[in-house]
>>> print(open('query.pdb').read())   # PDB, C-alpha atoms, pLDDT in the B column
ATOM      1  CA  MET A 156       1.471  -5.165   3.422  1.00 36.00           C
ATOM      2  CA  THR A 157       2.261  -2.602   6.040  1.00 40.00           C
ATOM      3  CA  ALA A 158       3.950  -3.567   9.253  1.00 42.00           C
ATOM      4  CA  ASP A 159       1.030  -2.362  11.353  1.00 41.00           C
ATOM      5  CA  ASP A 160      -1.607  -3.658   8.918  1.00 42.00           C
ATOM      6  CA  SER A 161      -2.977  -0.114   8.473  1.00 38.00           C
ATOM      7  CA  PHE A 162      -4.016  -0.838   4.886  1.00 38.00           C
ATOM      8  CA  GLY A 163      -6.467  -3.463   6.080  1.00 36.00           C
ATOM      9  CA  ARG A 164      -5.750  -5.812   3.194  1.00 39.00           C
ATOM     10  CA  LEU A 165      -3.766  -8.978   3.136  1.00 37.00           C
ATOM     11  CA  ASP A 166      -3.626 -10.043  -0.486  1.00 44.00           C
ATOM     12  CA  ASP A 167       0.094 -10.812  -0.601  1.00 45.00           C
ATOM     13  CA  ASP A 168      -0.507 -14.552  -0.830  1.00 50.00           C
ATOM     14  CA  ASP A 169      -2.380 -14.035  -4.092  1.00 49.00           C
ATOM     15  CA  TYR A 170       0.575 -12.540  -5.942  1.00 52.00           C
ATOM     16  CA  PRO A 171       4.092 -13.575  -6.841  1.00 68.00           C
ATOM     17  CA  ALA A 172       6.790 -11.953  -4.738  1.00 82.00           C
ATOM     18  CA  TYR A 173       9.925 -10.294  -6.080  1.00 89.00           C
ATOM     19  CA  THR A 174      13.346 -10.139  -4.487  1.00 88.00           C
ATOM     20  CA  MET A 175      14.489  -6.811  -3.105  1.00 89.00           C
ATOM     21  CA  GLY A 176      16.862  -6.318  -6.032  1.00 91.00           C
ATOM     22  CA  ARG A 177      14.201  -7.080  -8.630  1.00 92.00           C
ATOM     23  CA  ALA A 178      11.615  -4.947  -6.810  1.00 92.00           C
ATOM     24  CA  ALA A 179      14.009  -1.987  -6.701  1.00 94.00           C
ATOM     25  CA  GLU A 180      14.799  -2.472 -10.396  1.00 94.00           C
ATOM     26  CA  MET A 181      11.088  -2.555 -11.285  1.00 92.00           C
ATOM     27  CA  LEU A 182      10.527   0.692  -9.354  1.00 93.00           C
ATOM     28  CA  GLY A 183      13.616   2.342 -10.804  1.00 93.00           C
ATOM     29  CA  THR A 184      14.975   2.991  -7.336  1.00 93.00           C
ATOM     30  CA  SER A 185      17.517   1.631  -4.885  1.00 94.00           C
ATOM     31  CA  GLN A 186      17.239  -1.159  -2.372  1.00 94.00           C
ATOM     32  CA  GLY A 187      17.898   1.507   0.268  1.00 95.00           C
ATOM     33  CA  PHE A 188      14.638   3.202  -0.686  1.00 96.00           C
ATOM     34  CA  LEU A 189      12.740  -0.038  -0.062  1.00 94.00           C
ATOM     35  CA  ARG A 190      14.506  -0.410   3.282  1.00 93.00           C
ATOM     36  CA  ALA A 191      13.511   3.162   4.179  1.00 95.00           C
ATOM     37  CA  LEU A 192       9.861   2.386   3.406  1.00 95.00           C
ATOM     38  CA  GLY A 193      10.119  -0.557   5.775  1.00 92.00           C
ATOM     39  CA  GLU A 194      11.745   1.570   8.476  1.00 93.00           C
ATOM     40  CA  HIS A 195       8.818   3.987   8.247  1.00 92.00           C
ATOM     41  CA  ARG A 196       6.389   1.059   8.442  1.00 90.00           C
ATOM     42  CA  LEU A 197       4.871   1.517   4.992  1.00 93.00           C
ATOM     43  CA  ILE A 198       5.678  -1.968   3.713  1.00 91.00           C
ATOM     44  CA  THR A 199       7.069  -5.020   5.437  1.00 88.00           C
ATOM     45  CA  PRO A 200       8.745  -7.460   3.095  1.00 86.00           C
ATOM     46  CA  LEU A 201       7.589 -11.028   3.004  1.00 84.00           C
ATOM     47  CA  ARG A 202      10.266 -13.554   3.898  1.00 80.00           C
ATOM     48  CA  SER A 203      11.176 -16.522   1.759  1.00 74.00           C
ATOM     49  CA  ALA A 204      12.078 -19.875   3.301  1.00 73.00           C
ATOM     50  CA  GLY A 205      15.719 -18.754   3.182  1.00 76.00           C
ATOM     51  CA  GLY A 206      14.906 -15.510   4.992  1.00 77.00           C
ATOM     52  CA  HIS A 207      15.298 -13.293   1.929  1.00 78.00           C
ATOM     53  CA  ARG A 208      13.121 -10.195   1.580  1.00 82.00           C
ATOM     54  CA  ARG A 209      10.438 -10.443  -1.072  1.00 86.00           C
ATOM     55  CA  TYR A 210       7.808  -7.917  -2.178  1.00 90.00           C
ATOM     56  CA  SER A 211       4.354  -8.533  -3.655  1.00 88.00           C
ATOM     57  CA  ARG A 212       2.834  -6.592  -6.546  1.00 87.00           C
ATOM     58  CA  TYR A 213       0.544  -4.879  -4.041  1.00 87.00           C
ATOM     59  CA  GLN A 214       3.559  -3.718  -2.048  1.00 91.00           C
ATOM     60  CA  LEU A 215       5.221  -2.504  -5.234  1.00 92.00           C
ATOM     61  CA  ARG A 216       2.155  -0.389  -6.069  1.00 92.00           C
ATOM     62  CA  ILE A 217       2.361   1.189  -2.619  1.00 94.00           C
ATOM     63  CA  ALA A 218       6.105   1.758  -2.992  1.00 95.00           C
ATOM     64  CA  ALA A 219       5.606   3.300  -6.454  1.00 95.00           C
ATOM     65  CA  ARG A 220       3.106   5.819  -5.039  1.00 96.00           C
ATOM     66  CA  ALA A 221       5.538   6.689  -2.237  1.00 96.00           C
ATOM     67  CA  ARG A 222       8.279   7.103  -4.835  1.00 96.00           C
ATOM     68  CA  GLU A 223       6.120   9.572  -6.808  1.00 96.00           C
ATOM     69  CA  ILE A 224       5.649  11.684  -3.687  1.00 97.00           C
ATOM     70  CA  VAL A 225       9.350  11.541  -2.767  1.00 96.00           C
ATOM     71  CA  ASP A 226      10.279  12.584  -6.311  1.00 96.00           C
ATOM     72  CA  GLN A 227       8.209  15.741  -5.747  1.00 97.00           C
ATOM     73  CA  GLY A 228      10.525  16.677  -2.868  1.00 97.00           C
ATOM     74  CA  THR A 229       8.689  15.197   0.101  1.00 97.00           C
ATOM     75  CA  PRO A 230      10.786  13.376   2.727  1.00 96.00           C
ATOM     76  CA  VAL A 231      10.362   9.588   2.833  1.00 96.00           C
ATOM     77  CA  GLU A 232       8.711   9.562   6.271  1.00 96.00           C
ATOM     78  CA  ALA A 233       6.107  12.124   5.179  1.00 96.00           C
ATOM     79  CA  ALA A 234       5.526  10.285   1.886  1.00 96.00           C
ATOM     80  CA  CYS A 235       4.817   7.089   3.817  1.00 95.00           C
ATOM     81  CA  ARG A 236       2.279   8.878   5.998  1.00 96.00           C
ATOM     82  CA  ILE A 237       0.620  10.419   2.934  1.00 96.00           C
ATOM     83  CA  VAL A 238       0.274   7.032   1.225  1.00 95.00           C
ATOM     84  CA  ILE A 239      -1.241   5.502   4.370  1.00 94.00           C
ATOM     85  CA  LEU A 240      -3.712   8.389   4.734  1.00 95.00           C
ATOM     86  CA  GLU A 241      -4.664   8.187   1.042  1.00 95.00           C
ATOM     87  CA  ASP A 242      -5.397   4.500   1.430  1.00 91.00           C
ATOM     88  CA  GLN A 243      -7.437   5.093   4.590  1.00 94.00           C
ATOM     89  CA  LEU A 244      -9.432   7.806   2.820  1.00 95.00           C
ATOM     90  CA  GLU A 245     -10.094   5.489  -0.139  1.00 93.00           C
ATOM     91  CA  GLU A 246     -11.287   2.762   2.232  1.00 94.00           C
ATOM     92  CA  ALA A 247     -13.540   5.222   4.128  1.00 96.00           C
ATOM     93  CA  GLN A 248     -15.069   6.436   0.855  1.00 96.00           C
ATOM     94  CA  ARG A 249     -15.706   2.836  -0.220  1.00 95.00           C
ATOM     95  CA  ILE A 250     -17.411   2.040   3.094  1.00 96.00           C
ATOM     96  CA  ASN A 251     -19.470   5.231   2.877  1.00 96.00           C
ATOM     97  CA  ALA A 252     -20.613   4.367  -0.659  1.00 96.00           C
ATOM     98  CA  GLU A 253     -21.608   0.863   0.453  1.00 95.00           C
ATOM     99  CA  TYR A 254     -23.532   2.288   3.410  1.00 95.00           C
ATOM    100  CA  ARG A 255     -25.360   4.775   1.200  1.00 94.00           C
ATOM    101  CA  ARG A 256     -26.272   2.071  -1.342  1.00 94.00           C
ATOM    102  CA  ALA A 257     -27.596  -0.156   1.440  1.00 93.00           C
ATOM    103  CA  ALA A 258     -29.598   2.719   2.949  1.00 92.00           C
ATOM    104  CA  GLU A 259     -31.055   3.672  -0.453  1.00 91.00           C
ATOM    105  CA  SER A 260     -32.045   0.094  -1.255  1.00 91.00           C
ATOM    106  CA  ALA A 261     -33.703  -0.264   2.171  1.00 89.00           C
ATOM    107  CA  ASN A 262     -35.637   2.989   1.735  1.00 84.00           C
ATOM    108  CA  PRO A 263     -35.923   3.891  -1.985  1.00 79.00           C
ATOM    109  CA  THR A 264     -38.294   6.846  -1.360  1.00 75.00           C
ATOM    110  CA  ALA A 265     -35.750   8.644   0.840  1.00 61.00           C
ATOM    111  CA  ALA A 266     -33.321   8.898  -2.094  1.00 54.00           C
ATOM    112  CA  ALA A 267     -35.812  10.965  -4.131  1.00 55.00           C
TER     113      ALA A 267
END
>>> encode(input="query.pdb", output="structure tokens")
Amino acid sequence: MTADDSFGRLDDDDYPAYTMGRAAEMLGTSQGFLRALGEHRLITPLRSAGGHRRYSRYQLRIAARAREIVDQGTPVEAACRIVILEDQLEEAQRINAEYRRAAESANPTAAA
């Protein structure tokens, strides 16, 4: 989940969380990269009872997308902004589709 909740989803409780080392290994990156994503407010690690950083599968998907963009030569800060904007666009398109379906079902002749 992002630090500022800009993704609008909080599904971290539904998934197992991975330690920072395991998360970095799964992404094929360094722990420093995960820290950088946190510094740029893309993902905020969950905290275990012992205070250790842990990452959900959802956060790993976000981090993997950021990693793809960084691998193309984009700075980390810009990659984080791109991922956030992509997610906001996806959410806006979903809301728009729901609105259109509701409008069409309320007035089926207008769709024709």
>>> atom_distance(input="query.pdb", atom1="atom CA of A:Ala191", atom2="atom CA of A:Leu244")
23.4 Å
>>> atom_distance(input="query.pdb", atom1="atom CA of A:Glu194", atom2="atom CA of A:Glu232")
8.8 Å
>>> axis_aligned_box(input="query.pdb", around="stretch 234-245 of chain A", padding_each_side="5 Å", output="JSON")
{"center_x": -2.3, "center_y": 7.5, "center_z": 2.9, "size_x": 25.6, "size_y": 15.9, "size_z": 16.1}
>>> closest_residue(input="query.pdb", among="A:Tyr213, A:Ala218, A:Leu201, A:Ser260", to="A:Leu189", atoms="all atoms listed in the file")
A:Ala218
>>> atom_distance(input="query.pdb", atom1="atom CA of A:Thr174", atom2="atom CA of A:His207")
7.4 Å
>>> residues_around(input="query.pdb", residues="A:Asp226", least_positions_apart="6", cutoff="12 Å", atoms="all atoms listed in the file", output="PyMOL selection string")
chain A and resi 183-184+188+219-220+234
>>> write_last_selection(input="query.pdb", atoms="C-alpha atoms", output="compact mmCIF listing (two decimals), in the frame of the given file")
# COMPACT_ATOMS: atom_id res chain seq x y z
CA GLY A 183 13.62 2.34 -10.80
CA THR A 184 14.98 2.99 -7.34
CA PHE A 188 14.64 3.20 -0.69
CA ALA A 219 5.61 3.30 -6.45
CA ARG A 220 3.11 5.82 -5.04
CA ALA A 234 5.53 10.28 1.89
>>> residues_around(input="query.pdb", residues="A:Arg208", least_positions_apart="4", cutoff="9 Å", atoms="all atoms listed in the file", output="VMD selection string")
chain A and resid 173 to 175 199 to 203
>>> closest_residue(input="query.pdb", among="A:Glu180, A:Arg216, A:His195, A:Ser185", to="A:Asp242", atoms="only C-alpha atoms")
A:Arg216
>>> decode(input="query.pdb", residues="stretch 245-256 of chain A", atoms="all heavy atoms", output="PDB file, in the first residue's frame")
ATOM      1  N   GLU A 245      -6.253   3.578 -14.341  1.00  0.00           N
ATOM      2  CA  GLU A 245      -6.988   2.313 -14.344  1.00  0.00           C
ATOM      3  C   GLU A 245      -8.249   2.422 -13.484  1.00  0.00           C
ATOM      4  O   GLU A 245      -9.320   1.970 -13.878  1.00  0.00           O
ATOM      5  CB  GLU A 245      -6.080   1.203 -13.817  1.00  0.00           C
ATOM      6  CG  GLU A 245      -6.703  -0.165 -13.809  1.00  0.00           C
ATOM      7  CD  GLU A 245      -5.748  -1.198 -13.246  1.00  0.00           C
ATOM      8  OE1 GLU A 245      -4.645  -1.350 -13.805  1.00  0.00           O
ATOM      9  OE2 GLU A 245      -6.104  -1.839 -12.244  1.00  0.00           O
ATOM     10  N   GLU A 246      -8.128   3.047 -12.323  1.00  0.00           N
ATOM     11  CA  GLU A 246      -9.274   3.206 -11.435  1.00  0.00           C
ATOM     12  C   GLU A 246     -10.323   4.121 -12.077  1.00  0.00           C
ATOM     13  O   GLU A 246     -11.528   3.842 -12.023  1.00  0.00           O
ATOM     14  CB  GLU A 246      -8.816   3.789 -10.090  1.00  0.00           C
ATOM     15  CG  GLU A 246      -9.914   3.994  -9.091  1.00  0.00           C
ATOM     16  CD  GLU A 246     -10.485   2.703  -8.521  1.00  0.00           C
ATOM     17  OE1 GLU A 246      -9.965   1.614  -8.820  1.00  0.00           O
ATOM     18  OE2 GLU A 246     -11.475   2.782  -7.772  1.00  0.00           O
ATOM     19  N   ALA A 247      -9.884   5.210 -12.719  1.00  0.00           N
ATOM     20  CA  ALA A 247     -10.820   6.127 -13.383  1.00  0.00           C
ATOM     21  C   ALA A 247     -11.546   5.421 -14.529  1.00  0.00           C
ATOM     22  O   ALA A 247     -12.754   5.610 -14.715  1.00  0.00           O
ATOM     23  CB  ALA A 247     -10.076   7.352 -13.903  1.00  0.00           C
ATOM     24  N   GLN A 248     -10.841   4.600 -15.284  1.00  0.00           N
ATOM     25  CA  GLN A 248     -11.471   3.862 -16.378  1.00  0.00           C
ATOM     26  C   GLN A 248     -12.484   2.857 -15.847  1.00  0.00           C
ATOM     27  O   GLN A 248     -13.555   2.679 -16.435  1.00  0.00           O
ATOM     28  CB  GLN A 248     -10.396   3.154 -17.215  1.00  0.00           C
ATOM     29  CG  GLN A 248      -9.574   4.126 -18.032  1.00  0.00           C
ATOM     30  CD  GLN A 248      -8.376   3.476 -18.689  1.00  0.00           C
ATOM     31  OE1 GLN A 248      -7.853   2.472 -18.219  1.00  0.00           O
ATOM     32  NE2 GLN A 248      -7.932   4.061 -19.785  1.00  0.00           N
ATOM     33  N   ARG A 249     -12.175   2.218 -14.717  1.00  0.00           N
ATOM     34  CA  ARG A 249     -13.105   1.274 -14.107  1.00  0.00           C
ATOM     35  C   ARG A 249     -14.375   1.995 -13.649  1.00  0.00           C
ATOM     36  O   ARG A 249     -15.491   1.546 -13.920  1.00  0.00           O
ATOM     37  CB  ARG A 249     -12.453   0.580 -12.914  1.00  0.00           C
ATOM     38  CG  ARG A 249     -13.334  -0.490 -12.279  1.00  0.00           C
ATOM     39  CD  ARG A 249     -12.774  -0.998 -10.965  1.00  0.00           C
ATOM     40  NE  ARG A 249     -12.662   0.037  -9.954  1.00  0.00           N
ATOM     41  CZ  ARG A 249     -13.699   0.534  -9.258  1.00  0.00           C
ATOM     42  NH1 ARG A 249     -14.917   0.097  -9.488  1.00  0.00           N
ATOM     43  NH2 ARG A 249     -13.517   1.464  -8.354  1.00  0.00           N
ATOM     44  N   ILE A 250     -14.203   3.143 -13.004  1.00  0.00           N
ATOM     45  CA  ILE A 250     -15.359   3.920 -12.542  1.00  0.00           C
ATOM     46  C   ILE A 250     -16.189   4.393 -13.730  1.00  0.00           C
ATOM     47  O   ILE A 250     -17.424   4.330 -13.711  1.00  0.00           O
ATOM     48  CB  ILE A 250     -14.896   5.102 -11.672  1.00  0.00           C
ATOM     49  CG1 ILE A 250     -14.342   4.579 -10.344  1.00  0.00           C
ATOM     50  CG2 ILE A 250     -16.031   6.096 -11.434  1.00  0.00           C
ATOM     51  CD1 ILE A 250     -13.608   5.621  -9.532  1.00  0.00           C
ATOM     52  N   ASN A 251     -15.534   4.844 -14.782  1.00  0.00           N
ATOM     53  CA  ASN A 251     -16.235   5.300 -15.978  1.00  0.00           C
ATOM     54  C   ASN A 251     -17.046   4.162 -16.600  1.00  0.00           C
ATOM     55  O   ASN A 251     -18.200   4.342 -16.992  1.00  0.00           O
ATOM     56  CB  ASN A 251     -15.243   5.870 -16.995  1.00  0.00           C
ATOM     57  CG  ASN A 251     -15.931   6.444 -18.204  1.00  0.00           C
ATOM     58  OD1 ASN A 251     -16.925   7.160 -18.080  1.00  0.00           O
ATOM     59  ND2 ASN A 251     -15.409   6.128 -19.376  1.00  0.00           N
ATOM     60  N   ALA A 252     -16.457   2.982 -16.679  1.00  0.00           N
ATOM     61  CA  ALA A 252     -17.164   1.822 -17.243  1.00  0.00           C
ATOM     62  C   ALA A 252     -18.376   1.463 -16.391  1.00  0.00           C
ATOM     63  O   ALA A 252     -19.458   1.172 -16.938  1.00  0.00           O
ATOM     64  CB  ALA A 252     -16.214   0.633 -17.354  1.00  0.00           C
ATOM     65  N   GLU A 253     -18.231   1.512 -15.079  1.00  0.00           N
ATOM     66  CA  GLU A 253     -19.363   1.232 -14.191  1.00  0.00           C
ATOM     67  C   GLU A 253     -20.474   2.267 -14.385  1.00  0.00           C
ATOM     68  O   GLU A 253     -21.657   1.929 -14.427  1.00  0.00           O
ATOM     69  CB  GLU A 253     -18.912   1.221 -12.729  1.00  0.00           C
ATOM     70  CG  GLU A 253     -18.090   0.011 -12.353  1.00  0.00           C
ATOM     71  CD  GLU A 253     -17.581   0.075 -10.916  1.00  0.00           C
ATOM     72  OE1 GLU A 253     -17.937   1.024 -10.186  1.00  0.00           O
ATOM     73  OE2 GLU A 253     -16.809  -0.818 -10.549  1.00  0.00           O
ATOM     74  N   TYR A 254     -20.094   3.518 -14.499  1.00  0.00           N
ATOM     75  CA  TYR A 254     -21.062   4.599 -14.695  1.00  0.00           C
ATOM     76  C   TYR A 254     -21.811   4.403 -16.011  1.00  0.00           C
ATOM     77  O   TYR A 254     -23.029   4.512 -16.073  1.00  0.00           O
ATOM     78  CB  TYR A 254     -20.351   5.944 -14.679  1.00  0.00           C
ATOM     79  CG  TYR A 254     -21.251   7.096 -15.030  1.00  0.00           C
ATOM     80  CD1 TYR A 254     -22.148   7.617 -14.105  1.00  0.00           C
ATOM     81  CD2 TYR A 254     -21.211   7.655 -16.306  1.00  0.00           C
ATOM     82  CE1 TYR A 254     -22.986   8.667 -14.428  1.00  0.00           C
ATOM     83  CE2 TYR A 254     -22.051   8.708 -16.641  1.00  0.00           C
ATOM     84  CZ  TYR A 254     -22.933   9.209 -15.699  1.00  0.00           C
ATOM     85  OH  TYR A 254     -23.765  10.246 -16.036  1.00  0.00           O
ATOM     86  N   ARG A 255     -21.075   4.080 -17.053  1.00  0.00           N
ATOM     87  CA  ARG A 255     -21.711   3.878 -18.365  1.00  0.00           C
ATOM     88  C   ARG A 255     -22.669   2.685 -18.342  1.00  0.00           C
ATOM     89  O   ARG A 255     -23.762   2.756 -18.898  1.00  0.00           O
ATOM     90  CB  ARG A 255     -20.657   3.681 -19.445  1.00  0.00           C
ATOM     91  CG  ARG A 255     -19.949   4.963 -19.811  1.00  0.00           C
ATOM     92  CD  ARG A 255     -18.884   4.678 -20.876  1.00  0.00           C
ATOM     93  NE  ARG A 255     -18.178   5.875 -21.200  1.00  0.00           N
ATOM     94  CZ  ARG A 255     -18.498   6.689 -22.195  1.00  0.00           C
ATOM     95  NH1 ARG A 255     -19.518   6.418 -22.975  1.00  0.00           N
ATOM     96  NH2 ARG A 255     -17.792   7.768 -22.432  1.00  0.00           N
ATOM     97  N   ARG A 256     -22.251   1.590 -17.693  1.00  0.00           N
ATOM     98  CA  ARG A 256     -23.136   0.418 -17.587  1.00  0.00           C
ATOM     99  C   ARG A 256     -24.406   0.767 -16.818  1.00  0.00           C
ATOM    100  O   ARG A 256     -25.510   0.381 -17.210  1.00  0.00           O
ATOM    101  CB  ARG A 256     -22.414  -0.749 -16.910  1.00  0.00           C
ATOM    102  CG  ARG A 256     -21.501  -1.520 -17.847  1.00  0.00           C
ATOM    103  CD  ARG A 256     -21.033  -2.829 -17.222  1.00  0.00           C
ATOM    104  NE  ARG A 256     -20.254  -2.640 -16.011  1.00  0.00           N
ATOM    105  CZ  ARG A 256     -18.943  -2.418 -15.977  1.00  0.00           C
ATOM    106  NH1 ARG A 256     -18.256  -2.350 -17.099  1.00  0.00           N
ATOM    107  NH2 ARG A 256     -18.307  -2.268 -14.834  1.00  0.00           N
TER     108      ARG A 256
END
